[in-house]
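Dumped run32.cif below, it's mmCIF, C-alpha atoms:
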```cif
data_target
loop_
_atom_site.label_atom_id
_atom_site.label_comp_id
_atom_site.auth_asym_id
_atom_site.auth_seq_id
_atom_site.Cartn_x
_atom_site.Cartn_y
_atom_site.Cartn_z
CA MET O 155 -40.79 37.34 21.57
CA LYS O 156 -43.38 34.71 22.38
CA ARG O 157 -42.22 31.91 24.66
CA LYS O 158 -43.46 29.28 22.18
CA ASN O 159 -41.29 30.78 19.46
CA ILE O 160 -38.26 30.76 21.76
CA ILE O 161 -38.82 27.10 22.59
CA LEU O 162 -39.15 26.21 18.91
CA LYS O 163 -35.88 27.99 18.13
CA GLN O 164 -34.17 26.14 20.96
CA VAL O 165 -35.49 22.83 19.65
CA ALA O 166 -34.21 23.74 16.17
CA ARG O 167 -30.80 24.63 17.62
CA TYR O 168 -30.31 21.31 19.38
CA PHE O 169 -31.80 19.40 16.48
CA ILE O 170 -29.14 20.93 14.20
CA LEU O 171 -26.40 20.04 16.68
CA SER O 172 -27.73 16.48 17.02
CA LEU O 173 -27.93 16.16 13.26
CA ALA O 174 -24.33 17.36 13.02
CA ALA O 175 -23.32 14.64 15.50
CA PHE O 176 -25.18 12.06 13.40
CA PHE O 177 -23.37 13.10 10.22
CA LEU O 178 -20.04 13.15 12.06
CA TYR O 179 -20.74 9.54 13.05
CA ILE O 180 -21.29 8.66 9.38
CA LEU O 181 -18.10 10.45 8.32
CA GLN O 182 -16.15 8.91 11.20
CA SER O 183 -17.18 5.41 10.16
CA THR O 184 -16.59 5.94 6.42
CA PRO O 185 -13.79 3.53 5.42
CA GLY O 186 -10.58 5.41 4.65
CA PHE O 187 -12.02 8.89 5.28
CA LEU O 188 -9.19 11.20 6.43
CA GLN O 189 -7.17 8.11 7.37
CA VAL O 190 -3.45 8.84 7.74
CA PHE O 191 -1.05 5.92 8.28
CA GLY O 192 -3.95 3.79 9.45
CA ILE O 193 -5.10 6.33 12.03
CA LYS O 194 -8.60 7.77 11.79
CA PRO O 195 -10.02 10.75 13.68
CA VAL O 196 -12.77 10.35 16.28
CA PHE O 197 -14.95 13.34 15.46
CA LEU O 198 -17.66 12.70 18.03
CA PHE O 199 -15.41 13.23 21.06
CA ALA O 200 -13.89 16.44 19.74
CA PHE O 201 -17.33 17.76 18.76
CA ALA O 202 -18.96 17.01 22.13
CA ILE O 203 -16.04 18.43 24.14
CA THR O 204 -15.88 21.60 22.06
CA LEU O 205 -19.64 21.99 22.42
CA SER O 206 -19.41 21.59 26.20
CA LEU O 207 -16.94 24.45 26.36
CA MET O 208 -19.01 26.74 24.15
CA ASP O 209 -22.62 26.08 25.09
CA GLU O 210 -23.70 26.51 28.69
CA ASN O 211 -27.35 25.45 28.27
CA TRP O 212 -28.28 22.23 30.03
CA GLN O 213 -30.10 20.98 26.90
CA THR O 214 -26.65 20.45 25.36
CA GLY O 215 -26.49 17.32 27.52
CA LEU O 216 -28.85 15.63 25.07
CA VAL O 217 -26.32 16.18 22.29
CA PHE O 218 -23.58 14.73 24.52
CA VAL O 219 -25.74 11.64 25.09
CA ILE O 220 -26.32 11.26 21.34
CA CYS O 221 -22.58 11.66 20.68
CA GLY O 222 -21.81 9.10 23.38
CA LEU O 223 -24.36 6.57 22.15
CA LEU O 224 -23.06 6.93 18.59
CA ALA O 225 -19.46 6.54 19.81
CA ASP O 226 -20.46 3.36 21.68
CA LEU O 227 -22.20 2.03 18.60
CA SER O 228 -19.33 2.96 16.33
CA ALA O 229 -16.68 1.35 18.53
CA GLY O 230 -18.81 -1.72 19.31
CA LYS O 231 -18.77 -0.97 23.04
CA ALA O 232 -21.50 -1.77 25.55
CA VAL O 233 -24.09 0.97 25.75
CA GLY O 234 -22.99 3.69 28.13
CA PHE O 235 -19.26 2.95 28.06
CA TYR O 236 -18.28 6.08 26.17
CA THR O 237 -21.55 7.89 26.90
CA LEU O 238 -20.90 8.06 30.65
CA GLN O 239 -17.28 9.08 30.12
CA LEU O 240 -18.25 11.71 27.58
CA MET O 241 -21.00 13.08 29.82
CA THR O 242 -18.52 13.39 32.69
CA ALA O 243 -15.86 14.98 30.47
CA CYS O 244 -18.42 17.41 29.05
CA ALA O 245 -19.72 18.31 32.50
CA CYS O 246 -16.11 19.06 33.54
CA GLY O 247 -15.68 21.06 30.34
CA ALA O 248 -18.84 23.10 30.97
CA VAL O 249 -17.79 23.88 34.54
CA ALA O 250 -14.23 24.76 33.45
CA ALA O 251 -15.55 27.04 30.70
CA LYS O 252 -17.95 28.74 33.10
CA PHE O 253 -15.52 29.40 35.93
CA PHE O 254 -11.88 28.85 34.99
CA LEU O 255 -11.20 28.59 31.29
CA LYS O 256 -11.13 31.17 28.53
CA VAL O 257 -12.96 29.66 25.58
CA ASN O 258 -10.81 29.92 22.47
CA LYS O 259 -9.53 27.59 19.76
CA THR O 260 -6.35 26.64 21.61
CA ASN O 261 -8.14 25.73 24.81
CA CYS O 262 -10.76 23.78 22.85
CA PHE O 263 -7.94 21.80 21.22
CA ILE O 264 -6.10 21.17 24.50
CA PHE O 265 -9.21 20.22 26.46
CA SER O 266 -10.42 18.04 23.61
CA PHE O 267 -7.06 16.27 23.40
CA ALA O 268 -6.89 15.69 27.16
CA ALA O 269 -10.44 14.35 27.36
CA THR O 270 -10.09 12.14 24.27
CA ALA O 271 -6.76 10.74 25.50
CA ILE O 272 -8.22 9.99 28.94
CA MET O 273 -11.28 8.25 27.46
CA LEU O 274 -9.19 6.17 25.07
CA THR O 275 -6.82 5.26 27.92
CA ILE O 276 -9.77 4.11 30.04
CA ASP O 277 -10.90 2.03 27.04
CA LEU O 278 -7.40 0.56 26.75
CA PHE O 279 -7.34 -0.20 30.47
CA PHE O 280 -10.71 -1.92 30.70
CA SER O 281 -10.57 -3.67 27.34
CA PHE O 282 -7.01 -4.91 27.27
CA MET O 283 -4.74 -3.77 30.12
CA MET O 284 -6.06 -6.39 32.48
CA GLY O 285 -5.37 -9.15 29.97
CA ASP O 286 -1.94 -10.52 29.13
CA PHE O 287 -1.51 -8.82 25.77
CA THR O 288 1.72 -7.66 24.21
CA GLY O 289 2.25 -4.35 22.39
CA LYS O 290 0.16 -2.20 24.73
CA THR O 291 2.75 0.60 24.59
CA ILE O 292 2.48 0.81 20.81
CA TYR O 293 -1.29 0.91 21.13
CA PHE O 294 -1.04 3.68 23.73
CA LEU O 295 1.14 5.75 21.42
CA THR O 296 -0.85 5.25 18.23
CA GLY O 297 -4.31 4.32 19.45
CA VAL O 298 -4.45 6.85 22.28
CA LEU O 299 -2.03 9.75 21.94
CA ILE O 300 -1.80 10.15 18.17
CA THR O 301 -5.49 9.39 17.62
CA GLY O 302 -6.31 11.85 20.42
CA ALA O 303 -4.16 14.60 18.92
CA TYR O 304 -5.42 13.97 15.38
CA SER O 305 -9.05 13.98 16.52
CA SER O 306 -8.58 17.16 18.53
CA VAL O 307 -7.37 19.05 15.45
CA PHE O 308 -10.99 18.93 14.32
CA SER O 309 -12.09 20.81 17.42
CA ILE O 310 -11.00 23.96 15.55
CA PRO O 311 -13.49 23.66 12.65
CA PHE O 312 -16.07 22.53 15.22
CA TYR O 313 -15.30 25.69 17.20
CA TYR O 314 -16.24 27.83 14.19
CA PHE O 315 -19.35 25.77 13.48
CA ILE O 316 -20.62 25.91 17.08
CA ASP O 317 -19.75 29.59 17.29
CA PHE O 318 -21.85 30.18 14.16
CA ILE O 319 -24.79 28.25 15.65
CA ASN O 320 -24.43 30.09 18.97
CA ARG O 321 -24.41 33.51 17.30
CA ARG O 322 -27.37 32.52 15.14
CA PHE O 323 -29.44 31.40 18.14
CA LYS O 324 -28.00 33.57 20.94
CA ARG O 325 -31.00 35.85 21.18
CA PHE O 326 -33.29 32.85 21.69
CA ASP O 327 -31.39 31.59 24.75
CA ALA O 328 -33.80 30.89 27.62
CA ARG O 329 -33.42 33.49 30.32
CA MET H 226 -33.89 28.24 38.45
CA ASN H 227 -30.28 29.32 38.39
CA PHE H 228 -27.55 27.97 36.13
CA ARG H 229 -26.04 25.49 38.57
CA SER H 230 -29.30 23.85 39.62
CA LYS H 231 -30.51 23.65 36.01
CA ILE H 232 -27.28 21.98 34.90
CA ALA H 233 -27.34 19.63 37.88
CA LYS H 234 -30.98 18.66 37.29
CA GLY H 235 -30.45 18.12 33.56
CA PHE H 236 -27.34 16.10 34.23
CA ARG H 237 -29.11 13.92 36.79
CA VAL H 238 -32.05 13.23 34.45
CA LEU H 239 -29.75 12.30 31.57
CA MET H 240 -27.60 10.08 33.79
CA LEU H 241 -30.72 8.28 35.09
CA LEU H 242 -31.94 7.81 31.51
CA LEU H 243 -28.58 6.43 30.51
CA VAL H 244 -28.31 4.07 33.46
CA GLY H 245 -31.84 2.85 32.65
CA MET H 246 -30.77 2.09 29.07
CA MET H 247 -27.65 0.32 30.30
CA VAL H 248 -29.63 -1.82 32.74
CA TYR H 249 -32.13 -2.70 30.02
CA ALA H 250 -29.39 -3.58 27.52
CA ALA H 251 -27.58 -5.67 30.13
CA SER H 252 -30.78 -7.49 31.09
CA THR H 253 -31.39 -8.41 27.45
CA GLY H 254 -27.75 -9.49 27.01
CA GLN H 255 -27.04 -6.95 24.26
CA LEU H 256 -24.32 -4.38 23.72
CA THR H 257 -26.59 -1.78 22.16
CA SER H 258 -29.77 -0.07 23.28
CA LEU H 259 -32.88 0.66 21.23
CA PRO H 260 -31.94 4.32 20.52
CA GLN H 261 -28.56 3.15 19.21
CA LYS H 262 -30.19 0.56 16.97
CA ILE H 263 -32.51 3.22 15.58
CA LEU H 264 -29.61 5.64 15.00
CA GLY H 265 -27.47 2.86 13.53
CA ALA H 266 -30.26 1.75 11.20
CA ALA H 267 -30.91 5.33 10.09
CA ALA H 268 -27.21 5.77 9.32
CA VAL H 269 -26.93 2.69 7.09
CA PRO H 270 -28.17 4.31 3.81
CA PHE H 271 -25.78 7.22 4.33
CA GLN H 272 -22.93 4.86 5.25
CA LYS H 273 -23.56 2.89 2.06
CA LEU H 274 -23.32 6.10 0.08
CA THR H 275 -20.21 7.47 1.81
CA SER H 276 -18.41 4.11 1.73
CA ALA H 277 -19.18 3.76 -2.00
CA ILE H 278 -17.76 7.25 -2.61
CA SER H 279 -14.74 6.47 -0.44
CA TYR H 280 -14.03 3.23 -2.36
CA GLN H 281 -14.31 5.07 -5.68
CA VAL H 282 -11.90 7.76 -4.50
CA GLU H 283 -9.52 5.11 -3.17
CA ALA H 284 -9.61 3.22 -6.48
CA TRP H 285 -8.97 6.43 -8.39
CA THR H 286 -6.05 7.52 -6.18
CA ASP H 287 -4.57 4.02 -6.31
CA LYS H 288 -4.68 4.10 -10.08
CA THR H 289 -3.34 7.63 -10.31
CA PHE H 290 -0.66 7.77 -7.67
CA ASP H 291 0.44 4.16 -7.14
CA VAL H 292 1.85 3.48 -10.61
CA ASP H 293 5.27 2.62 -9.16
CA SER H 294 3.87 0.04 -6.77
CA ILE H 295 1.72 -1.44 -9.56
CA LEU H 296 4.80 -1.76 -11.76
CA ARG H 297 6.75 -3.36 -8.91
CA GLU H 298 3.86 -5.71 -8.21
CA ASN H 299 3.66 -6.55 -11.92
CA GLU H 300 7.36 -7.44 -11.99
CA GLU H 301 6.98 -9.58 -8.89
CA LEU H 302 3.95 -11.35 -10.35
CA LYS H 303 5.81 -12.02 -13.60
CA ARG H 304 8.67 -13.53 -11.63
CA GLN H 305 6.30 -15.68 -9.59
CA LEU H 306 4.48 -16.75 -12.76
CA ALA H 307 7.71 -17.89 -14.37
CA LEU H 308 8.54 -19.85 -11.24
CA LEU H 309 5.11 -21.41 -11.11
CA ARG H 310 5.21 -22.42 -14.78
CA ALA H 311 8.46 -24.24 -14.14
CA LYS H 312 6.89 -26.17 -11.31
CA GLN H 313 3.52 -26.66 -12.90
CA PHE H 314 4.20 -30.11 -14.32
CA ASP H 315 5.27 -31.55 -10.98
CA TYR H 316 2.42 -29.87 -9.17
CA ASP H 317 -0.17 -31.36 -11.52
CA ARG H 318 1.13 -34.87 -10.99
CA ILE H 319 1.27 -34.48 -7.21
CA ALA H 320 -2.17 -32.98 -7.10
CA MET H 321 -3.64 -35.93 -9.01
CA GLU H 322 -2.17 -38.36 -6.51
CA ASN H 323 -2.69 -36.40 -3.35
CA GLU H 324 -5.32 -37.57 -0.95
CA GLU H 325 -5.55 -34.09 0.48
CA PHE H 326 -6.89 -32.96 -2.85
CA GLN H 327 -9.89 -35.19 -2.32
CA LYS H 328 -10.37 -33.77 1.18
CA ILE H 329 -10.28 -30.23 -0.12
CA PHE H 330 -12.80 -31.16 -2.77
CA GLU H 331 -15.08 -32.60 -0.10
CA THR H 332 -14.64 -29.45 1.98
CA GLN H 333 -15.61 -27.29 -0.96
CA GLU H 334 -18.70 -29.43 -1.46
CA LYS H 335 -19.54 -29.05 2.20
CA ARG H 336 -18.94 -25.31 2.07
CA SER H 337 -21.49 -24.92 -0.68
CA GLU H 338 -24.01 -26.25 1.82
CA TYR H 339 -23.35 -23.36 4.21
CA LYS H 340 -26.10 -20.80 4.37
CA THR H 341 -24.41 -17.50 3.59
CA VAL H 342 -25.36 -13.86 3.16
CA GLY H 343 -23.27 -11.50 1.03
CA ALA H 344 -22.55 -8.12 2.63
CA ASN H 345 -20.68 -4.88 1.92
CA VAL H 346 -18.37 -3.21 4.41
CA ILE H 347 -19.92 0.21 5.03
CA GLY H 348 -18.12 1.45 8.12
CA ARG H 349 -14.78 1.34 9.90
CA ASP H 350 -14.03 3.24 13.06
CA GLY H 351 -10.97 5.08 14.31
CA VAL H 352 -11.46 4.09 17.94
CA ASN H 353 -10.88 0.43 17.20
CA MET H 354 -7.30 -0.42 16.21
CA PHE H 355 -8.16 -3.95 15.17
CA TYR H 356 -10.00 -2.96 12.00
CA SER H 357 -13.46 -3.99 13.18
CA PHE H 358 -16.11 -2.91 10.70
CA THR H 359 -19.82 -2.54 10.03
CA ILE H 360 -21.64 -4.48 7.29
CA ASP H 361 -24.89 -3.61 5.59
CA LYS H 362 -26.70 -6.81 6.58
CA GLY H 363 -28.33 -7.41 9.95
CA GLU H 364 -31.09 -9.20 11.81
CA GLY H 365 -33.48 -8.68 8.91
CA ASP H 366 -31.18 -10.77 6.69
CA GLY H 367 -30.76 -13.56 9.24
CA VAL H 368 -27.40 -12.35 10.59
CA GLU H 369 -26.87 -13.12 14.28
CA VAL H 370 -24.19 -12.58 16.91
CA ASP H 371 -21.33 -15.14 16.58
CA ASP H 372 -21.96 -15.70 12.87
CA VAL H 373 -18.68 -16.25 11.04
CA VAL H 374 -17.53 -13.74 8.42
CA ILE H 375 -15.32 -14.80 5.50
CA SER H 376 -14.02 -13.28 2.29
CA SER H 377 -13.08 -15.04 -0.94
CA GLU H 378 -9.55 -15.51 0.53
CA GLY H 379 -10.38 -16.80 3.99
CA LEU H 380 -11.66 -16.15 7.48
CA VAL H 381 -12.16 -12.48 8.39
CA GLY H 382 -13.86 -12.41 11.79
CA VAL H 383 -17.06 -12.86 13.71
CA VAL H 384 -20.25 -10.84 14.18
CA VAL H 385 -20.33 -9.27 17.65
CA GLU H 386 -23.43 -7.09 17.45
CA THR H 387 -26.45 -6.85 15.19
CA GLY H 388 -29.00 -4.20 14.31
CA PRO H 389 -32.03 -4.41 12.03
CA ASN H 390 -30.02 -3.67 8.87
CA PHE H 391 -26.40 -3.64 10.04
CA ALA H 392 -23.95 -5.74 12.03
CA LYS H 393 -20.61 -5.11 13.72
CA VAL H 394 -17.78 -7.49 12.91
CA SER H 395 -14.72 -8.04 15.09
CA THR H 396 -11.73 -9.23 13.07
CA LEU H 397 -9.13 -11.93 13.56
CA LEU H 398 -6.65 -9.18 14.48
CA SER H 399 -8.51 -8.44 17.73
CA PRO H 400 -7.21 -10.07 20.92
CA ASN H 401 -10.84 -10.72 21.83
CA VAL H 402 -11.41 -13.11 18.90
CA LYS H 403 -10.09 -16.63 19.51
CA VAL H 404 -10.26 -19.30 16.82
CA GLY H 405 -9.39 -22.97 17.25
CA CYS H 406 -7.10 -23.97 14.41
CA ILE H 407 -5.34 -26.89 12.75
CA ALA H 408 -1.98 -26.11 11.20
CA GLY H 409 0.46 -27.77 8.83
CA GLU H 410 0.86 -31.31 7.56
CA GLU H 411 0.93 -32.71 11.12
CA ARG H 412 -2.38 -30.98 11.78
CA ASP H 413 -1.16 -29.41 15.02
CA VAL H 414 -3.93 -27.89 17.11
CA GLY H 415 -3.66 -24.30 18.39
CA VAL H 416 -5.61 -21.12 19.04
CA VAL H 417 -5.43 -18.10 16.74
CA SER H 418 -5.84 -14.69 18.36
CA GLY H 419 -4.78 -11.10 17.72
CA SER H 420 -2.37 -8.89 19.63
CA PHE H 421 -1.54 -5.18 19.69
CA ASP H 422 1.90 -5.39 18.13
CA LEU H 423 0.94 -7.94 15.47
CA ALA H 424 -2.21 -6.04 14.51
CA GLU H 425 0.07 -3.19 13.40
CA ARG H 426 1.60 -5.60 10.87
CA GLU H 427 -1.78 -7.18 10.07
CA MET H 428 -0.82 -10.51 11.61
CA CYS H 429 -2.04 -12.77 14.44
CA ASN H 430 -0.68 -15.27 16.97
CA ILE H 431 -1.14 -19.01 17.08
CA ASP H 432 -0.85 -20.04 20.73
CA TYR H 433 -0.74 -23.39 22.51
CA LEU H 434 0.97 -25.30 19.70
CA PRO H 435 2.79 -28.48 20.80
CA LYS H 436 6.47 -27.79 21.57
CA GLU H 437 7.55 -30.48 19.10
CA THR H 438 5.63 -28.81 16.28
CA LYS H 439 7.11 -29.12 12.79
CA LEU H 440 5.34 -26.07 11.46
CA LYS H 441 7.33 -23.95 9.04
CA LYS H 442 6.88 -20.72 7.15
CA GLY H 443 4.17 -20.98 4.51
CA ASP H 444 2.22 -23.84 6.14
CA LEU H 445 -1.50 -23.47 5.77
CA VAL H 446 -3.69 -22.86 8.84
CA GLY H 447 -7.41 -23.63 8.91
CA THR H 448 -10.23 -23.70 11.44
CA SER H 449 -10.44 -26.84 13.55
CA GLY H 450 -14.20 -26.71 13.96
CA TYR H 451 -13.93 -27.48 17.67
CA GLY H 452 -16.58 -25.51 19.50
CA SER H 453 -19.75 -24.34 17.92
CA ILE H 454 -18.84 -20.98 16.37
CA PHE H 455 -16.42 -21.68 13.51
CA PRO H 456 -17.07 -24.41 10.92
CA PRO H 457 -14.10 -26.69 10.19
CA ASP H 458 -11.57 -26.28 7.36
CA LEU H 459 -11.99 -22.59 6.64
CA VAL H 460 -8.68 -21.12 5.53
CA ILE H 461 -7.32 -18.70 8.16
CA GLY H 462 -3.89 -17.94 6.73
CA THR H 463 -0.28 -19.08 6.53
CA VAL H 464 2.47 -19.46 9.11
CA GLU H 465 5.13 -16.73 9.11
CA GLU H 466 7.37 -17.72 12.01
CA VAL H 467 7.45 -20.33 14.80
CA VAL H 468 8.83 -19.60 18.28
CA ILE H 469 9.20 -22.05 21.19
CA ASN H 470 8.00 -20.45 24.45
CA GLU H 471 10.58 -19.49 27.07
CA SER H 472 9.13 -22.10 29.42
CA GLY H 473 9.57 -24.71 26.66
CA SER H 474 6.15 -26.16 27.32
CA SER H 475 4.55 -25.06 24.07
CA ALA H 476 5.21 -23.14 20.88
CA ASN H 477 3.81 -19.98 19.34
CA ALA H 478 3.60 -18.99 15.72
CA THR H 479 2.92 -15.82 13.82
CA LEU H 480 0.17 -16.07 11.24
CA LYS H 481 -0.51 -13.98 8.16
CA PRO H 482 -4.28 -13.99 7.53
CA ALA H 483 -5.27 -15.08 4.05
CA ALA H 484 -7.95 -12.40 3.89
CA ASP H 485 -7.00 -8.76 3.39
CA ILE H 486 -8.64 -7.75 6.66
CA THR H 487 -7.71 -4.08 6.61
CA ASN H 488 -9.09 -3.47 3.12
CA VAL H 489 -11.84 -6.03 2.72
CA LYS H 490 -14.89 -4.51 1.05
CA VAL H 491 -17.19 -7.47 0.38
CA VAL H 492 -17.72 -10.40 2.76
CA LEU H 493 -19.86 -13.50 3.24
CA VAL H 494 -21.60 -14.12 6.55
CA ILE H 495 -22.13 -17.82 7.34
CA THR H 496 -25.53 -17.83 8.98
CA ASP H 497 -25.82 -21.61 9.28
CA PHE H 498 -23.50 -24.60 8.85
#
```

Give the structure from the file, written as structure tokens.
Amino acid sequence: MKRKNIILKQVARYFILSLAAFFLYILQSTPGFLQVFGIKPVFLFAFAITLSLMDENWQTGLVFVICGLLADLSAGKAVGFYTLQLMTACACGAVAAKFFLKVNKTNCFIFSFAATAIMLTIDLFFSFMMGDFTGKTIYFLTGVLITGAYSSVFSIPFYYFIDFINRRFKRFDAR
Amino acid sequence: MNFRSKIAKGFRVLMLLLVGMMVYAASTGQLTSLPQKILGAAAVPFQKLTSAISYQVEAWTDKTFDVDSILRENEELKRQLALLRAKQFDYDRIAMENEEFQKIFETQEKRSEYKTVGANVIGRDGVNMFYSFTIDKGEGDGVEVDDVVISSEGLVGVVVETGPNFAKVSTLLSPNVKVGCIAGEERDVGVVSGSFDLAEREMCNIDYLPKETKLKKGDLVGTSGYGSIFPPDLVIGTVEEVVINESGSSANATLKPAADITNVKVVLVITDF
């Protein structure tokens, strides 16, 4: 197959993944969407982490950056706050998937939960832990652990979606 | 190029790009970068659509499944109405004589002079536990950072970030929003701010009240207007409970915001006062 065609297919692949991240941002910010007892899922983290475990191409980093920038925008954080954390988590995920971890739904869920919980804990630490605020334990339980677990549940449908995209574009992977 | 060096090179380039964006955003004193503003602006039409659908679904489910709560609310309202009718005569007389009535009237007159922009709530995010939200009006409509956001019931929050056609609003429930207030008949001065545990119950704190405060449950709390962000005499909410600090040097109170912050759908942004 011609190199140009391969490049075009690769561009299409990452455009689809970026578009998916964009629509996940819209769904994530929709008022009341999949909200249970006031807790909403954070799709972008679960999506980026699952993608890092399943796609070993370096171009995936662009999707991580888009997910991170959208997460920063969505949460009203300074640019780079979640992006840097997500990039680091995804780099760890990619390395783990390449050398140590078997990529399946369970591991995607566990890794996604761990990474989301760590990122939300860092947010809690830098945003509020240093101030004299009460109720931080409640926030940790609901805002970090439960939100992390709830968000990570969506790593399973993302697993199937990314698997579909990977199978569809596998033969165009740059060698 | 092998896998490791490709990954490392790609990672380095992306990190450099990101740090560049962060430095640029920091140098311009903004939270968001240009790519984020573009993405945010592109998302607004879709957010309007999805939020409209979500509100329709919510209204339908409320009507369909919350009949019991509507009936309970109806009973409670009937009871309150009967109580209010009994007191109406006295209230009318007091209102006619009350100087405060004149002050409120003047405040209303003043409020009509505020420059405001109506906006719809089109986004709420799961990461933020203090119910911050996105509105569909931004720089193009004259909305700026630190503009005050109110609903028909009272103060909601303050704009913390703007894009071309959207803005992010941090609510009263956030510990990062501090509002100077005047409370009760004695017009005690304090500072309203959110906290983690009270945000769960959709309430806020009033700190730094004088220890001899005579505030009681139900007293009205409004903005003091000290500082340049919040105009004076906007309704913030009502007092729920007053507690004297352990040190005894000051008092704290719990405040129930007048605005339904967690469910507000339409707001007014005060762009000039």

Sphere at (-4.0, 8.6, 18.9), radius 10 Å, counting only C-alpha atoms: residues as a list in words: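 Protein, DNA and RNA residues close to (-4.0, 8.6, 18.9): Ile193, Lys194, Pro195, Val196, Phe267, Thr270, Ala271, Leu274, Tyr293, Phe294, Leu295, Thr296, Gly297, Val298, Leu299, Ile300, Thr301, Gly302, Ala303, Tyr304, Ser305 and Ser306 of chain O; Gly351, Val352 and Met354 of chain H.
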
Test item: residues at most 6 Å from stretch 236-250 of chain O, all atoms listed in the file, excluding those fewer than 3 positions along its chain, as number ranges by chain: O: 203, 206-207, 219, 222-223, 226, 253-255

Atomic distance atom CA of H:Phe391 - atom CA of O:Gly186, expressed in Å with one decimal: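 Spanning atom CA of H:Phe391 to atom CA of O:Gly186 is a straight-line distance of 19.0 Å.
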
Selected residue, from O:Ile310, O:Leu227, O:Ile316, O:Ala268, that lies nearest to chain H when counting only C-alpha atoms: O:Leu227

Residue nearest chain O among H:Ser420, H:Thr289, H:Gln305, H:Asn390 (counting only C-alpha atoms):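 Looking only at the distances to chain O, the closest residue turns out to be H:Ser420.
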
Will you model N, CA and C atoms for stretch 311-324 of chain O and pass it back as a JSON list (two decimals), keeping the file's coordinate frame?
```json
[["chain", "number", "residue", "atom", "x", "y", "z"],
["O", 311, "PRO", "N", -12.31, 23.41, 13.49],
["O", 311, "PRO", "CA", -13.49, 23.66, 12.65],
["O", 311, "PRO", "C", -14.79, 23.55, 13.42],
["O", 312, "PHE", "N", -14.85, 22.64, 14.42],
["O", 312, "PHE", "CA", -16.07, 22.53, 15.22],
["O", 312, "PHE", "C", -16.30, 23.81, 16.02],
["O", 313, "TYR", "N", -15.21, 24.43, 16.46],
["O", 313, "TYR", "CA", -15.30, 25.69, 17.20],
["O", 313, "TYR", "C", -16.03, 26.74, 16.35],
["O", 314, "TYR", "N", -15.61, 26.84, 15.08],
["O", 314, "TYR", "CA", -16.24, 27.83, 14.19],
["O", 314, "TYR", "C", -17.70, 27.47, 13.93],
["O", 315, "PHE", "N", -17.98, 26.19, 13.75],
["O", 315, "PHE", "CA", -19.35, 25.77, 13.48],
["O", 315, "PHE", "C", -20.26, 26.07, 14.68],
["O", 316, "ILE", "N", -19.80, 25.70, 15.87],
["O", 316, "ILE", "CA", -20.62, 25.91, 17.08],
["O", 316, "ILE", "C", -20.76, 27.40, 17.37],
["O", 317, "ASP", "N", -19.70, 28.14, 17.10],
["O", 317, "ASP", "CA", -19.75, 29.59, 17.29],
["O", 317, "ASP", "C", -20.81, 30.20, 16.36],
["O", 318, "PHE", "N", -20.86, 29.71, 15.12],
["O", 318, "PHE", "CA", -21.85, 30.18, 14.16],
["O", 318, "PHE", "C", -23.27, 29.87, 14.67],
["O", 319, "ILE", "N", -23.46, 28.65, 15.13],
["O", 319, "ILE", "CA", -24.79, 28.25, 15.65],
["O", 319, "ILE", "C", -25.15, 29.11, 16.87],
["O", 320, "ASN", "N", -24.17, 29.30, 17.76],
["O", 320, "ASN", "CA", -24.43, 30.09, 18.97],
["O", 320, "ASN", "C", -24.83, 31.51, 18.62],
["O", 321, "ARG", "N", -24.10, 32.12, 17.68],
["O", 321, "ARG", "CA", -24.41, 33.51, 17.30],
["O", 321, "ARG", "C", -25.79, 33.59, 16.64],
["O", 322, "ARG", "N", -26.10, 32.55, 15.86],
["O", 322, "ARG", "CA", -27.37, 32.52, 15.14],
["O", 322, "ARG", "C", -28.55, 32.41, 16.13],
["O", 323, "PHE", "N", -28.33, 31.68, 17.22],
["O", 323, "PHE", "CA", -29.44, 31.40, 18.14],
["O", 323, "PHE", "C", -29.31, 32.12, 19.49],
["O", 324, "LYS", "N", -28.30, 32.95, 19.63],
["O", 324, "LYS", "CA", -28.00, 33.57, 20.94],
["O", 324, "LYS", "C", -29.23, 34.28, 21.52]]
```
